[in-house]
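Reviewing the structure listed below.
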Amino acid sequence: MSYFEDFLPGAGRKAPRAALDTDARVIDLSGPWRFRLSPTAHAPDFADPDLDDTAWELRQVPGHFGTPAYTNVRYPFPIDPPRVPGENLTGDHRIAFEAGFERAVLRFEGVDSCARVWLNGQELGYSMGSRVPVEFDVTLRPGRNVLAVRVHQWSAGSYLEDQDMWWWPGIFREVTVIERPAEPIDDVFVHADYDHTTGGGTLRVEAGEALLTVEELGVHDRPAGETITLEHVEPWSAQHPRLYEASVSNGHERVRLAIGFRTVTIEDAVLKVNGEPLKLKGVNRHEFHPVKGRALDAETMLADVLLMKRHNINAVRTSHYPPHPHFLDLCDRYGLWVVDECDYETHGFQELDWRGNPSDDPRWEQALLDRMRRMVERDKNHPSVIMWSLGNEAGTGRNLAAMAAWTRGRDSSRPIHYEGDRACPDVDVHSRMYASHAEVEAIGRGEDEDERRRAMPFVQCEYAHAMGNGPGGLAEYQELYDAHPRCAGGFVWEWIDHGLRHDRHGYAYGGDFGEVLHDGNFVCDGLLFPDRTPSPGLLDLKKVYQPLRFTEAGGVLRVEGDTAGLDLEWCVEADGVLVDSGPMEGSELKLPAGGEDERWLTVRACLAGDTAWAPAGHEVAWHQVRLTPGPDRLAGLTEGAAPAIPLFERVTPRLELWRAPTDNDQGGGLRWHWSHHGLDRLTYRTEQRQDGTIVQRVAPAATDEGYLATYTWRETTSGLLLEADLEPVGVWKVPPARLGLAFELPAELTTVTWYGRGPGEAYPDTGAAAYVGLFTRTIDDLQTPYVHPQENGQRADVRIAVLSTPRGPGVKITGDRPFGLTVRRWSTAELDAARHRTDLVAGEKVHLIVDLAQHGIGTASCGPGPLEKYRLTARPAAIRLLFEPVS
C-alpha cells in the first residue's frame, strides 16, 4: 500500500507543541506557488529543486484545488479502510524562497488531506490530519531553497474526517519557516489558576531552562517551572477577558504570552468557571468563506468574533476540528468560551451499523491519539478553551477511551466532552444533540438519567438547527437552560451557511458541482448567510441570549442582571409614533399611564462607551410592555359609496392552505404530508348568493378535507370592507400550513409601510427580535434571501399596512385583529419551485397574502418540530379587512 493508505498518521514529523509567538525570524510562505494538478496519486516526480516549473500555473496558498463536493454523513468513496480510490486528485506545489538562517522548523497549519514534503530535493516525511498542525526540522541552504509539497485529496486520514462540510483538498492554512536558535524554547505550557474565594491566583509556566516575566504582576525573571502564588489577580472570563502580557526567555529566544487566570470545575453536576455557574450561550462554528472555502484570513476571523459578541453569543464549539490558531487568540482577547474539538468524525460508518468503525479498531489508535495530541498541545495555553472534545459522531470504542486518558494525563484542568456515547464512560459532561424541549426538561430535573449522568452537567452540543427559515423554539430552550442549574446551555447549529459563490446560482450547495453523491442544501444551515449577513435566526438568538432579564409586577418594570457599562433608555409610542422618552434610573421603572390609542413602552440597554467589540450605543438588550390595547380600528364605519381604490379591485381572494415549504417542513416530513393531501393543488368551487356573499369550497382532489370560505364585501364611505369567515370541512389528518387570503395587485407597487411587529420576519415560534412599531421597507427588502428559496418574509401581528408606488398612490389595509402580512413579486408556487435565489424572477403582479394563522417553524430539518402550542390545526377563523385608497 502507498504511504497515504497507512493507519499510521505520518513519518518524519516533530513532536507536537504549542503555537508560540516568538521573536525568532519567521518566513510566511503565503502567496502564489507553482502548481500542477494530476488525476491520480502517481504523478511524475517534481521534488528536484532544479526542475523547470515555469510552465506550471500559479496558485494561491493558502487555498484549495479541485472541485468541492458536499456530503453530510456518507463517504464519497467506497468504505475500504485504509484504502482510497485510484482516482485520487493530487496537487503538486512548489515554492522557492531565501531565508538568511540555517536551522529552522517548517510548519504547516493545515493541509487536506495528506501532505508529502521535500526541501531542496530531500524528503522530510508525510502527514495526515488535515486541521491540526505538523512540523518538520529542516536545514536551510544559503540563498535559494525549494519546498515541494504533494497533496492528495484522499488518504487513510479521510476516513477520520467525515465532517458535515465540503470535501475540498488543499494547503488551506499558512506555511511558515521558523528560525531555530542554538538553544530554542521548544514548548511552553501555562498553568494559571484563579481562586474565587481569595481573589488570588497561582502561576506555573513550563518552558525548560528559561525565565518568566509578567511585569504587571511584579514577576521578574522567575525560573520557568516554579509555582508562583499571587495574592490578587483579575480573573479571565468571556464577559471580562482580562489578559496579562508575559514572556519567557532563555537568552536565545523570547516567547510572548497572553495569560488568563481562570479555573474550571464541576460541582454538584453544575459546570462552573471561577466559582460561578456557567451558562453557555453558544454556536457551532465551521470555518468557511463563500469564495476561499476554509482558507480564512485574519479579517474574516475577526468579523466572526465581533459578530458573535454583538449578538450576545458567549461560547463557541469548534465543530468539528480545531480552528485556525489565530481564532483562539481572538477568543482570548475579546472573550468567548471555547469547546475545542478534535479533528475526528466517522459518521459514515453509521451506514454500516458501525462495523469497522475506527473508534474501536486498535489499528487506528495511534492516528486518533496523534490528532488529540496535536490539538491539545497546540491550544493548551488559551484561557478561552475550557473544554476538550474528543470529536464528533464517531460512535463508541476503546480508542476514545485512550484519547480521554491521554488528555487527562496531559491536562487535568479542563473537562472532556464527547457526544456520541450515551453511556458517557470517558467524559465529564453529559452531551446531547437536538434533544426536544421535553427531554431537556426531564434531564434538567434528573428524571431520565442513570447515576453517572445525573452527576454531570448537561450540555446540548448541537440544538436549534438553523437551516433556512428558523430555528423555532429558541426562547423556550433558553428558559429551560435558565431554570435548571444542571443545564449548562448549548450550541446552536450552526454559525454560517456554506454556500459557495457561483456565477449562475448566486450561491451553490451540494449537487451544484456535479457531485454524484451529495446532500443538497443541508450545507446551508447557518445563522449567517454566506456573505456573513445576519439571518433573522441570528437576530432572534441575540434577543434570546440577551444578558438582562425584565420582569413586570405591580405596575413596575424591573431589570435583573449586570448593567455596568450600559445606558438604559425608555420610550413610549402610540401606533408606532413617539410620544415620550427618557433615561431609566436604577433597575426599576414605574410603568407610564396609557391612553385611548395603542401604546407600547420599550426599554433598551445600550453600551455607554466604546468596547473592544462594539461602539458606544450598540444595543445589548431590549424589552417591550403593552400599556394600552387601543381601540377597535374598524368601529364606527359608515355604509355608503366607497371611494375608488386605483390599485385594488374588489376581487375574491384565494384561500391558501400551503406555503413554500421551509427546510424544517421538508426535514420533518410536513412537506410530504401537505403535498400528499393536496394542499398545493387546491380546487375552488364558487357560489354567489343573492346578497352578494361569495362562498367557496376550497379542497384538493381525492379527499374530503377542505375549507368553506365565505366572503362578504361591503361598501363604506372609507373604503371596501371584506368580511372573511373560514370553516374547516371533512376530517383533517394533517395540519394546514397556513390560513391565508391571497390577492394579486399591480406590479407598480414598490413599498410597504406597516404597524405591527418588525422590522424583520416572524412566524408563530420565531421572531423574538421583532418588536411592535411602525416600519417601511421596499417589497424587495421584505424578502429574506435564504440560499434555498422557501417561505419567508412574513411580518407578524400587523394592524395596519400601506402598499404604495413611487408616485404615492396606494392602498391601506386595516384589520379588526392582527394578521400576518407577506408581500412578494412571485407566487407561492413559483417560490416553491425555485432551487436558488436566481430562479426567482419578478412577475407582472405583486402577490399579497394576509394570514389568519400559520403553522410553526420548529427545527425539524435536524431536530424536533414545533412545540404543540405552535402547531396549526384545522379550525374556524375569521377576519375583517378594510381597504382604503392612499394618496
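Within each chain, counting starts at residue 1; across the C-alpha cells, chains are named A, B, ... in the order shown, with ligands numbered 1 upward in that order.
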Taking the DSSP assignment computed from this structure's backbone, write out as a PyMOL selection string all residues of stretch 138-211 of chain A that belong to strand (DSSP E or B). chain A and resi 138-139+144-152+161+165-167+170+175-179+189-195+200-206+211
Give me, as an MDAnalysis selection string, the residues of stretch 451-639 of chain A that a backbone DSSP run labels helix (DSSP H, G or I). chainID A and resid 451:454 474:483 520:523 536:544
Residues of the last selection are to be written out with C-alpha atoms, as a CSV table (one decimal), in the first residue's frame.
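result.csv written:
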chain,number,residue,atom,x,y,z
A,451,GLU,CA,-26.5,7.7,38.3
A,452,ARG,CA,-23.3,8.6,36.3
A,453,ARG,CA,-25.1,11.0,34.0
A,454,ARG,CA,-27.0,12.6,36.8
A,474,LEU,CA,-35.3,29.3,20.8
A,475,ALA,CA,-36.9,31.2,23.7
A,476,GLU,CA,-38.3,28.0,25.2
A,477,TYR,CA,-35.0,26.2,25.1
A,478,GLN,CA,-33.3,29.2,26.9
A,479,GLU,CA,-36.0,29.2,29.5
A,480,LEU,CA,-35.2,25.6,30.3
A,481,TYR,CA,-31.4,26.2,30.5
A,482,ASP,CA,-32.0,29.1,32.9
A,483,ALA,CA,-34.4,27.2,35.0
A,520,GLY,CA,-28.1,19.2,-1.3
A,521,ASN,CA,-28.6,22.4,0.6
A,522,PHE,CA,-28.1,20.7,4.0
A,523,VAL,CA,-24.8,22.5,4.0
A,536,PRO,CA,-33.5,36.5,11.1
A,537,GLY,CA,-32.4,33.5,13.2
A,538,LEU,CA,-29.3,35.2,14.4
A,539,LEU,CA,-31.3,38.3,15.4
A,540,ASP,CA,-33.7,36.1,17.3
A,541,LEU,CA,-30.8,34.4,19.0
A,542,LYS,CA,-29.4,37.8,20.1
A,543,LYS,CA,-32.7,38.6,21.8
A,544,VAL,CA,-33.0,35.2,23.4
Students should find that atom CA of A:Ala148 and atom CA of A:Leu119 are spaced 6.3 Å
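Taking atom CA of A:Asp519 and atom CA of A:Gly793 as endpoints, the distance between them is 25.9 Å.
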Residues near A:Gly275, cut-off 12 Å, only C-alpha atoms, skip fewer than 2 positions along chain, as an NGL selection string: :A and (193-199 or 235 or 237 or 262-267 or 270-273 or 277-278)
Would you list the contacts of stretch 434-445 of chain A as an NGL selection string, taking every protein, DNA or RNA residue within 12 Å and counting only C-alpha atoms, but skipping same-chain residues closer than 6 positions in sequence? :A and (269-270 or 419 or 453-466 or 471-493 or 858-868)
Prev. selection, C-alpha atoms, output as a PDB file, in the first residue's frame:
ATOM      1  CA  ALA A 269     -23.447  18.455  38.493  1.00  0.00           C
ATOM      2  CA  VAL A 270     -23.026  22.179  37.785  1.00  0.00           C
ATOM      3  CA  GLU A 419     -21.494  13.467  22.447  1.00  0.00           C
ATOM      4  CA  ARG A 453     -25.083  11.023  34.001  1.00  0.00           C
ATOM      5  CA  ARG A 454     -27.048  12.625  36.841  1.00  0.00           C
ATOM      6  CA  ALA A 455     -23.718  13.644  38.366  1.00  0.00           C
ATOM      7  CA  MET A 456     -22.723  15.526  35.215  1.00  0.00           C
ATOM      8  CA  PRO A 457     -23.616  18.936  33.817  1.00  0.00           C
ATOM      9  CA  PHE A 458     -25.849  18.720  30.766  1.00  0.00           C
ATOM     10  CA  VAL A 459     -24.786  20.418  27.517  1.00  0.00           C
ATOM     11  CA  GLN A 460     -26.618  20.493  24.199  1.00  0.00           C
ATOM     12  CA  CYS A 461     -23.598  20.438  21.909  1.00  0.00           C
ATOM     13  CA  GLU A 462     -26.000  20.945  18.997  1.00  0.00           C
ATOM     14  CA  TYR A 463     -29.569  22.225  19.087  1.00  0.00           C
ATOM     15  CA  ALA A 464     -31.929  24.518  17.167  1.00  0.00           C
ATOM     16  CA  HIS A 465     -30.762  23.573  13.670  1.00  0.00           C
ATOM     17  CA  ALA A 466     -30.556  26.957  11.920  1.00  0.00           C
ATOM     18  CA  PRO A 471     -34.981  27.940  14.055  1.00  0.00           C
ATOM     19  CA  GLY A 472     -38.180  27.887  16.085  1.00  0.00           C
ATOM     20  CA  GLY A 473     -38.433  27.364  19.822  1.00  0.00           C
ATOM     21  CA  LEU A 474     -35.271  29.263  20.808  1.00  0.00           C
ATOM     22  CA  ALA A 475     -36.858  31.150  23.684  1.00  0.00           C
ATOM     23  CA  GLU A 476     -38.340  28.001  25.203  1.00  0.00           C
ATOM     24  CA  TYR A 477     -34.954  26.250  25.121  1.00  0.00           C
ATOM     25  CA  GLN A 478     -33.288  29.171  26.891  1.00  0.00           C
ATOM     26  CA  GLU A 479     -35.995  29.226  29.547  1.00  0.00           C
ATOM     27  CA  LEU A 480     -35.198  25.589  30.331  1.00  0.00           C
ATOM     28  CA  TYR A 481     -31.442  26.195  30.494  1.00  0.00           C
ATOM     29  CA  ASP A 482     -32.001  29.121  32.852  1.00  0.00           C
ATOM     30  CA  ALA A 483     -34.437  27.180  35.031  1.00  0.00           C
ATOM     31  CA  HIS A 484     -32.197  24.189  35.791  1.00  0.00           C
ATOM     32  CA  PRO A 485     -28.742  24.654  37.362  1.00  0.00           C
ATOM     33  CA  ARG A 486     -27.531  21.396  35.885  1.00  0.00           C
ATOM     34  CA  CYS A 487     -28.256  22.615  32.340  1.00  0.00           C
ATOM     35  CA  ALA A 488     -25.123  24.431  31.191  1.00  0.00           C
ATOM     36  CA  GLY A 489     -26.719  25.673  27.974  1.00  0.00           C
ATOM     37  CA  GLY A 490     -25.760  24.713  24.487  1.00  0.00           C
ATOM     38  CA  PHE A 491     -24.588  25.494  20.992  1.00  0.00           C
ATOM     39  CA  VAL A 492     -26.936  26.308  18.121  1.00  0.00           C
ATOM     40  CA  TRP A 493     -26.124  24.514  14.878  1.00  0.00           C
ATOM     41  CA  GLY A 858     -39.695  24.306  14.552  1.00  0.00           C
ATOM     42  CA  THR A 859     -36.284  22.855  13.827  1.00  0.00           C
ATOM     43  CA  ALA A 860     -37.114  19.518  12.220  1.00  0.00           C
ATOM     44  CA  SER A 861     -34.545  19.865   9.445  1.00  0.00           C
ATOM     45  CA  CYS A 862     -32.450  18.190  12.157  1.00  0.00           C
ATOM     46  CA  GLY A 863     -34.287  18.083  15.450  1.00  0.00           C
ATOM     47  CA  PRO A 864     -37.818  18.386  16.824  1.00  0.00           C
ATOM     48  CA  GLY A 865     -40.745  20.029  15.111  1.00  0.00           C
ATOM     49  CA  PRO A 866     -42.674  22.974  16.551  1.00  0.00           C
ATOM     50  CA  LEU A 867     -43.995  22.798  20.067  1.00  0.00           C
ATOM     51  CA  GLU A 868     -47.635  21.787  20.370  1.00  0.00           C
TER      52      GLU A 868
END
Write out as a PyMOL selection string which residues come within 8 Å of A:Trp56 when counting only C-alpha atoms, dropping same-chain ones fewer than 6 positions away. chain A and resi 34-36
Generate the output file for the selected residues, C-alpha atoms, as a PDB file, in the first residue's frame.
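Printed below is part_10.pdb as written:
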ATOM      1  CA  ARG A  34       3.754  26.854  -8.733  1.00  0.00           C
ATOM      2  CA  PHE A  35       1.047  24.219  -9.053  1.00  0.00           C
ATOM      3  CA  ARG A  36       0.367  21.089 -11.117  1.00  0.00           C
TER       4      ARG A  36
END
Using atom CA of A:Val385 and atom CA of A:Glu560 as the two end points, give the distance in Å to one decimal.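 Going from atom CA of A:Val385 over to atom CA of A:Glu560, I get 28.4 Å.
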Nearest to A:Tyr321, chosen from A:Tyr334, A:Trp495, A:Trp570, A:Tyr344, with only C-alpha atoms counted in the distances: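 So, comparing all the options, the nearest one is A:Tyr344.
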Show me, as a PyMOL selection string, the residues that have an atom within 9 Å of stretch 653-660 of chain A when counting only C-alpha atoms, minus same-chain residues fewer than 3 positions from it. chain A and resi 650+671+674-675+678-682+684+696+698+707+709+711+726+736-744+789-792+828-833+849+851+854
Name the closest residue to A:Tyr786 among the candidates A:Arg714, A:Arg633, A:His498, A:Arg432; distances are taken between atoms, counting only C-alpha atoms. A:His498
What lies within 12 Å of A:Gly636 using only C-alpha atoms, ignoring chain neighbours under 6 positions off, as an MDAnalysis selection string? chainID A and resid 716:718
Would you save the residues of that selection, restricted to C-alpha atoms, as a PDB file, in the first residue's frame?
ATOM      1  CA  THR A 716     -68.269  52.086   3.368  1.00  0.00           C
ATOM      2  CA  THR A 717     -67.548  55.748   2.984  1.00  0.00           C
ATOM      3  CA  SER A 718     -63.949  54.979   3.985  1.00  0.00           C
TER       4      SER A 718
END
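In terms of minimum interatomic distance to A:Val603, A:Val559 ranks closest within A:Leu203, A:Val559, A:Val579, A:Ala18, counting only C-alpha atoms.
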Best match for closeness to A:Asp6 among A:Val339, A:Ala702, A:Ala367, A:Val151, counting only C-alpha atoms: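 Nearest candidate to A:Asp6 out of A:Val339, A:Ala702, A:Ala367, A:Val151: A:Ala367.
Nearest-residue note for A:Ala616: choosing from A:Asp50, A:Glu573, A:Asp580, A:Asp567, the minimum distance belongs to A:Asp567, counting only C-alpha atoms.
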